[in-house]
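Take a look at the structure below.
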Amino acid sequence: MPAHLRPSIIALLSLLFLATGCATVTGTADQAIQVQTVDANDRPIAGMRCHATNASSDYYGNSPMNDLRILRSSSDLQIECRLRDLVARGTAISRGRAASLAAAVLPGGTASIVIDYMTGYSFSYPTWIRLRVGQDLVFDASDDIAGRPTPALQANRP
């Protein structure tokens, strides 16, 4: 290959690598979520002390938490909020974001998919979690609705 073409080829390959959708290169390691606590009638309860944890880290704050930055992870996010004898619990299920077809076929694409999976960068949590006092709820990122609380299911725990 002529020496004068090498910089152009390197630039083109770099551009193709960035276009593969590799979150490790182009995305963020964290995501913002919103955690609210409500009573049985869906009235907000402010000031509950919350602890959230996933395989990446532990997070603490008081409800409502409107811009909690969570590190992306393939592990689920466990959340528990307390105020005196009131307890609200939930599990936010992390789901992988679909890899683009280009990521699989372009040079470096398969490697970027594997890296994103291993680092957790390709996973997302529900963006709006509404915990209900006295219940243990499950929120699935695949049910996320932009601008609305994610629908919840009652957890079946022994």
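So you can find residues: chains in the structure tokens are A, B, ... in the order shown, residues in each start at 1, and ligands are numbered from 1 in order.
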| request: Please provide as number ranges by chain all residues within 7 Å of Thr91 in chain A, with the sequence filter that same-chain residues fewer than 3 positions apart are discarded (counting only C-alpha atoms). | output: A: 76-79, 137-139
| task | Would you mind listing what lies within 10 Å of range 47-50 of chain A as number ranges by chain, with only C-alpha atoms counted and same-chain residues fewer than 3 positions away left out? | result | A: 35-38, 44, 59-65, 79-84, 86-89
Selected residues written out, C-alpha atoms, as a PDB file, in the first residue's frame:
```
ATOM      1  CA  VAL A  35     -36.770   6.931  41.998  1.00  0.00           C
ATOM      2  CA  GLN A  36     -40.011   7.951  43.698  1.00  0.00           C
ATOM      3  CA  THR A  37     -41.784   6.538  46.735  1.00  0.00           C
ATOM      4  CA  VAL A  38     -45.567   6.541  47.059  1.00  0.00           C
ATOM      5  CA  PRO A  44     -45.801  10.809  47.049  1.00  0.00           C
ATOM      6  CA  TYR A  59     -26.093   4.505  45.896  1.00  0.00           C
ATOM      7  CA  TYR A  60     -27.780   6.453  48.697  1.00  0.00           C
ATOM      8  CA  GLY A  61     -30.244   9.319  48.738  1.00  0.00           C
ATOM      9  CA  ASN A  62     -33.612  10.565  49.906  1.00  0.00           C
ATOM     10  CA  SER A  63     -36.750  10.203  47.814  1.00  0.00           C
ATOM     11  CA  PRO A  64     -37.583  11.551  45.393  1.00  0.00           C
ATOM     12  CA  MET A  65     -34.286  11.105  43.552  1.00  0.00           C
ATOM     13  CA  ILE A  79     -33.616  -0.632  45.842  1.00  0.00           C
ATOM     14  CA  GLU A  80     -34.932  -0.269  49.377  1.00  0.00           C
ATOM     15  CA  CYS A  81     -36.357   2.923  50.889  1.00  0.00           C
ATOM     16  CA  ARG A  82     -37.252   3.413  54.577  1.00  0.00           C
ATOM     17  CA  LEU A  83     -38.863   6.053  56.751  1.00  0.00           C
ATOM     18  CA  ARG A  84     -39.578   4.937  60.326  1.00  0.00           C
ATOM     19  CA  LEU A  86     -42.455   2.407  56.220  1.00  0.00           C
ATOM     20  CA  VAL A  87     -40.547   0.249  53.734  1.00  0.00           C
ATOM     21  CA  ALA A  88     -40.688   0.214  49.924  1.00  0.00           C
ATOM     22  CA  ARG A  89     -38.621  -2.260  47.893  1.00  0.00           C
TER      23      ARG A  89
END
```
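For Asp42 in chain A, the set of protein, DNA and RNA residues having any atom at most 12 Å away, when counting only C-alpha atoms and skipping those fewer than 5 positions along the same chain, is Gln36, Thr37, Arg130, Leu131, Arg132, Val133 and Pro149 of chain A.
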Write a file of the selected residues as an mmCIF file, in the first residue's frame, keeping C-alpha atoms.
```cif
data_model
loop_
_atom_site.group_PDB
_atom_site.id
_atom_site.type_symbol
_atom_site.label_atom_id
_atom_site.label_comp_id
_atom_site.auth_asym_id
_atom_site.auth_seq_id
_atom_site.Cartn_x
_atom_site.Cartn_y
_atom_site.Cartn_z
ATOM 1 C CA GLN A 36 -40.011 7.951 43.698
ATOM 2 C CA THR A 37 -41.784 6.538 46.735
ATOM 3 C CA ARG A 130 -42.032 4.313 41.454
ATOM 4 C CA LEU A 131 -41.743 2.247 44.648
ATOM 5 C CA ARG A 132 -44.893 1.647 46.695
ATOM 6 C CA VAL A 133 -44.742 1.411 50.491
ATOM 7 C CA PRO A 149 -43.270 5.555 35.392
#
```
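Nearest to Ala29 in chain A of all the residues A:Arg72, A:Arg95, A:Arg43, A:Arg148 is A:Arg72, based on only C-alpha atoms.
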| Pairwise distance for CA of Ile33 in chain A and CA of Ser124 in chain A, rounded to one decimal in Å | 9.8 Å
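Minimum atom-to-atom distance to His51 in chain A, evaluated using only C-alpha atoms, belongs to A:Leu68 out of A:Leu68, A:Ala152, A:Ala146, A:Ile93.
Using only C-alpha atoms for every distance, the candidate list A:Ser122, A:Thr127, A:Ser94, A:Gln31 yields A:Gln31 as the residue closest to Ile70 in chain A.
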| said: Report, in Å with one decimal, the straight-line distance from CA of Asp39 in chain A to CA of Asp136 in chain A. | reply: 12.7 Å
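Counting from CA of Trp128 in chain A, the distance to CA of Asn54 in chain A is 16.6 Å.
DSSP secondary structure from the backbone places Ala23, Thr24, Val25 and Thr26 of chain A of range 22-93 of chain A in helix (DSSP H, G or I).
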